[in-house]
Amino acid sequence: MVFSQEYSVSGVFGVVSREDCVADLFYGTDYHSHFGTKRGGMAVINGDGFSRFIHDITNAQFKSKFEHDIGKMRGHWGIGVISDYEDQPLLIGSRHGRYAIVTVGRVDNLSALAEFCLSRNSTHFSELKGNEYNQTEVVATLINRA
């Protein structure tokens with residue numbers, strides 16, 4: 001089976017724990033690294049706010065890119081992602097509060113959804129790659145409209 005960029009796969013892993021979740025997040029996200037080979041990211045939240053790290057894993061294993069970061073992270077809630085498309089997780093500030101978000105999937109009408117949001121004067125998009133909208137940012141914008 002051959003995957004094009006349109007149909008490549010990625011992975012997402014989340015943890016909620018009574019204790020620090022960083023080690024579980026690190027190993028759980030690493031487990032998904034065989035799904036994608038471009039970008040990896042992790043975010044955790046604690047009483048001081050978010051800690052987030054994103055790295056290019058094109059030419060190196062996930063573990064080697066993040067092993068130094070996990071010592072700087074502490075939290076009880078975390079999310080990790082392996083993505084073939086964009087840098088994630090995104091940290092979003094909205095009227096709903098601050099949150100970290102990732103997406104894994106394919107939104108066929110991404111441009112139409114982005115144009116819908118822009119036509120309502122509701123936002124701007126800053127995570128553009130060429131003329132393409134960042135899927136995760138568009139999904140966050142739709143969530144924030146609720």
# chains A, B, ... in the order shown; residues from 1 in each chain; ligands from 1

$ select_by_dssp --residues "chain A" --states "helix (DSSP H, G or I)" --output "short mmCIF file (atom, residue, chain, number, x, y, z; two decimals) with N, CA and C atoms, in the first residue's frame"
data_model
loop_
_atom_site.label_atom_id
_atom_site.label_comp_id
_atom_site.auth_asym_id
_atom_site.auth_seq_id
_atom_site.Cartn_x
_atom_site.Cartn_y
_atom_site.Cartn_z
N GLN A 5 0.50 12.11 0.44
CA GLN A 5 0.30 13.08 1.50
C GLN A 5 -1.18 13.18 1.82
N GLU A 6 -2.04 13.03 0.82
CA GLU A 6 -3.48 13.12 1.05
C GLU A 6 -3.98 12.03 1.97
N TYR A 7 -3.35 10.87 1.95
CA TYR A 7 -3.88 9.73 2.69
C TYR A 7 -2.89 9.16 3.71
N VAL A 22 3.76 13.03 32.25
CA VAL A 22 4.72 13.28 31.17
C VAL A 22 5.36 12.00 30.65
N ALA A 23 5.76 11.10 31.52
CA ALA A 23 6.39 9.85 31.05
C ALA A 23 5.41 9.02 30.23
N ASP A 24 4.17 8.90 30.72
CA ASP A 24 3.15 8.16 29.95
C ASP A 24 2.89 8.83 28.61
N LEU A 25 2.83 10.15 28.61
CA LEU A 25 2.61 10.89 27.37
C LEU A 25 3.75 10.68 26.38
N PHE A 26 4.96 10.74 26.89
CA PHE A 26 6.16 10.55 26.07
C PHE A 26 6.16 9.17 25.40
N TYR A 27 5.97 8.13 26.18
CA TYR A 27 6.01 6.78 25.62
C TYR A 27 4.78 6.47 24.78
N GLY A 28 3.63 6.98 25.16
CA GLY A 28 2.42 6.76 24.37
C GLY A 28 2.48 7.44 23.02
N THR A 29 2.99 8.65 22.99
CA THR A 29 3.13 9.36 21.72
C THR A 29 4.21 8.71 20.86
N ASP A 30 5.31 8.32 21.50
CA ASP A 30 6.37 7.63 20.76
C ASP A 30 5.85 6.37 20.10
N TYR A 31 4.97 5.64 20.78
CA TYR A 31 4.39 4.42 20.20
C TYR A 31 3.72 4.71 18.86
N HIS A 32 3.14 5.89 18.73
CA HIS A 32 2.46 6.26 17.49
C HIS A 32 3.41 6.79 16.41
N SER A 33 4.68 6.92 16.73
CA SER A 33 5.59 7.54 15.77
C SER A 33 5.80 6.72 14.51
N HIS A 34 5.44 5.46 14.53
CA HIS A 34 5.53 4.68 13.28
C HIS A 34 4.43 5.06 12.30
N PHE A 62 11.55 9.90 17.33
CA PHE A 62 10.80 10.73 18.26
C PHE A 62 11.53 10.83 19.60
N LYS A 63 11.92 9.69 20.14
CA LYS A 63 12.55 9.68 21.48
C LYS A 63 13.77 10.58 21.54
N SER A 64 14.62 10.53 20.53
CA SER A 64 15.85 11.32 20.56
C SER A 64 15.56 12.82 20.48
N LYS A 65 14.48 13.20 19.85
CA LYS A 65 14.13 14.62 19.73
C LYS A 65 13.50 15.18 21.00
N PHE A 66 12.81 14.33 21.77
CA PHE A 66 12.05 14.81 22.92
C PHE A 66 12.63 14.43 24.27
N ILE A 70 11.32 16.38 28.07
CA ILE A 70 10.41 15.86 29.09
C ILE A 70 10.83 16.26 30.50
N GLY A 71 12.09 16.57 30.71
CA GLY A 71 12.53 17.06 32.01
C GLY A 71 12.03 18.45 32.32
N LYS A 72 11.59 19.17 31.30
CA LYS A 72 11.07 20.54 31.46
C LYS A 72 9.54 20.57 31.55
N LEU A 110 -11.98 21.89 3.93
CA LEU A 110 -11.22 22.78 4.80
C LEU A 110 -11.25 24.22 4.31
N SER A 111 -11.03 24.46 3.04
CA SER A 111 -11.02 25.83 2.51
C SER A 111 -12.38 26.48 2.67
N ALA A 112 -13.44 25.73 2.42
CA ALA A 112 -14.79 26.27 2.56
C ALA A 112 -15.08 26.64 4.02
N LEU A 113 -14.66 25.80 4.95
CA LEU A 113 -14.86 26.10 6.37
C LEU A 113 -14.06 27.34 6.79
N ALA A 114 -12.83 27.45 6.32
CA ALA A 114 -12.01 28.62 6.63
C ALA A 114 -12.64 29.88 6.05
N GLU A 115 -13.11 29.82 4.82
CA GLU A 115 -13.75 30.98 4.19
C GLU A 115 -15.04 31.35 4.93
N PHE A 116 -15.78 30.36 5.41
CA PHE A 116 -16.97 30.62 6.22
C PHE A 116 -16.60 31.42 7.45
N CYS A 117 -15.57 31.01 8.15
CA CYS A 117 -15.14 31.72 9.36
C CYS A 117 -14.69 33.14 9.02
N LEU A 118 -13.93 33.30 7.96
CA LEU A 118 -13.44 34.62 7.57
C LEU A 118 -14.59 35.54 7.14
N SER A 119 -15.59 34.98 6.49
CA SER A 119 -16.71 35.80 6.02
C SER A 119 -17.56 36.33 7.17
N GLN A 135 -5.31 22.85 9.23
CA GLN A 135 -6.53 22.14 9.62
C GLN A 135 -6.84 22.30 11.11
N THR A 136 -5.84 22.18 11.94
CA THR A 136 -6.03 22.27 13.38
C THR A 136 -6.51 23.65 13.78
N GLU A 137 -5.98 24.69 13.15
CA GLU A 137 -6.39 26.05 13.46
C GLU A 137 -7.83 26.31 13.02
N VAL A 138 -8.23 25.77 11.89
CA VAL A 138 -9.61 25.93 11.42
C VAL A 138 -10.58 25.22 12.36
N VAL A 139 -10.24 24.01 12.80
CA VAL A 139 -11.09 23.29 13.73
C VAL A 139 -11.21 24.06 15.05
N ALA A 140 -10.12 24.62 15.54
CA ALA A 140 -10.16 25.41 16.76
C ALA A 140 -11.05 26.63 16.59
N THR A 141 -10.99 27.27 15.43
CA THR A 141 -11.83 28.44 15.16
C THR A 141 -13.31 28.06 15.18
N LEU A 142 -13.64 26.92 14.62
CA LEU A 142 -15.02 26.45 14.64
C LEU A 142 -15.48 26.14 16.07
N ILE A 143 -14.61 25.55 16.87
CA ILE A 143 -14.93 25.29 18.27
C ILE A 143 -15.18 26.60 19.00
N ASN A 144 -14.34 27.58 18.75
CA ASN A 144 -14.46 28.87 19.45
C ASN A 144 -15.72 29.62 19.08
N ARG A 145 -16.31 29.33 17.94
CA ARG A 145 -17.56 29.99 17.53
C ARG A 145 -18.74 29.50 18.36
#

$ atom_distance --atom1 "CA of Gly105 (chain A)" --atom2 "CA of Phe13 (chain A)"
13.9 Å

$ residues_around --residues "Met73 (chain A)" --least-positions-apart "5" --cutoff "9 Å" --atoms "only C-alpha atoms" --output "ChimeraX atom specification"
/A:22,43-45,50-52

$ write_last_selection --atoms "C-alpha atoms" --output "mmCIF file, in the first residue's frame"
data_model
loop_
_atom_site.group_PDB
_atom_site.id
_atom_site.type_symbol
_atom_site.label_atom_id
_atom_site.label_comp_id
_atom_site.auth_asym_id
_atom_site.auth_seq_id
_atom_site.Cartn_x
_atom_site.Cartn_y
_atom_site.Cartn_z
ATOM 1 C CA VAL A 22 4.720 13.281 31.173
ATOM 2 C CA ALA A 43 1.743 19.632 25.408
ATOM 3 C CA VAL A 44 0.918 19.394 29.113
ATOM 4 C CA ILE A 45 -0.826 21.739 31.497
ATOM 5 C CA PHE A 50 1.098 24.998 29.297
ATOM 6 C CA SER A 51 4.417 23.466 28.318
ATOM 7 C CA ARG A 52 4.687 22.532 24.660
#

$ select_by_dssp --residues "chain A" --states "strand (DSSP E)" --output "ChimeraX atom specification"
/A:11-16,39-46,49-56,77-83,90-94,97-101

$ residues_around --residues "His76 (chain A)" --least-positions-apart "5" --cutoff "6 Å" --atoms "only C-alpha atoms" --output "list in words"
Val16, Ser17, Glu19, Asp20 and Cys21 of chain A

$ closest_atom_pairs --of "region 28-66 of chain A" --to "region 82-90 of chain A" --cutoff "6 Å" --atoms "only C-alpha atoms" --output "JSON lines"
{"residue": "A:Ser33", "atom": "CA", "partner": "A:Ile82", "partner_atom": "CA", "distance": 5.9}
{"residue": "A:Gly36", "atom": "CA", "partner": "A:Asp84", "partner_atom": "CA", "distance": 5.5}
{"residue": "A:Lys38", "atom": "CA", "partner": "A:Asp84", "partner_atom": "CA", "distance": 4.9}
{"residue": "A:Arg39", "atom": "CA", "partner": "A:Ser83", "partner_atom": "CA", "distance": 5.2}
{"residue": "A:Gly40", "atom": "CA", "partner": "A:Ile82", "partner_atom": "CA", "distance": 4.5}
{"residue": "A:Gly41", "atom": "CA", "partner": "A:Gln88", "partner_atom": "CA", "distance": 5.6}

$ atom_distance --atom1 "CA of Ala146 (chain A)" --atom2 "CA of Asn134 (chain A)"
19.4 Å

$ closest_residue --among "A:Gly49, A:Gly11, A:Leu128, A:Thr58" --to "Gly97 (chain A)" --atoms "only C-alpha atoms"
A:Gly49

$ closest_residue --among "A:Val81, A:His68, A:Ser126, A:Asn46" --to "Val104 (chain A)" --atoms "only C-alpha atoms"
A:Val81
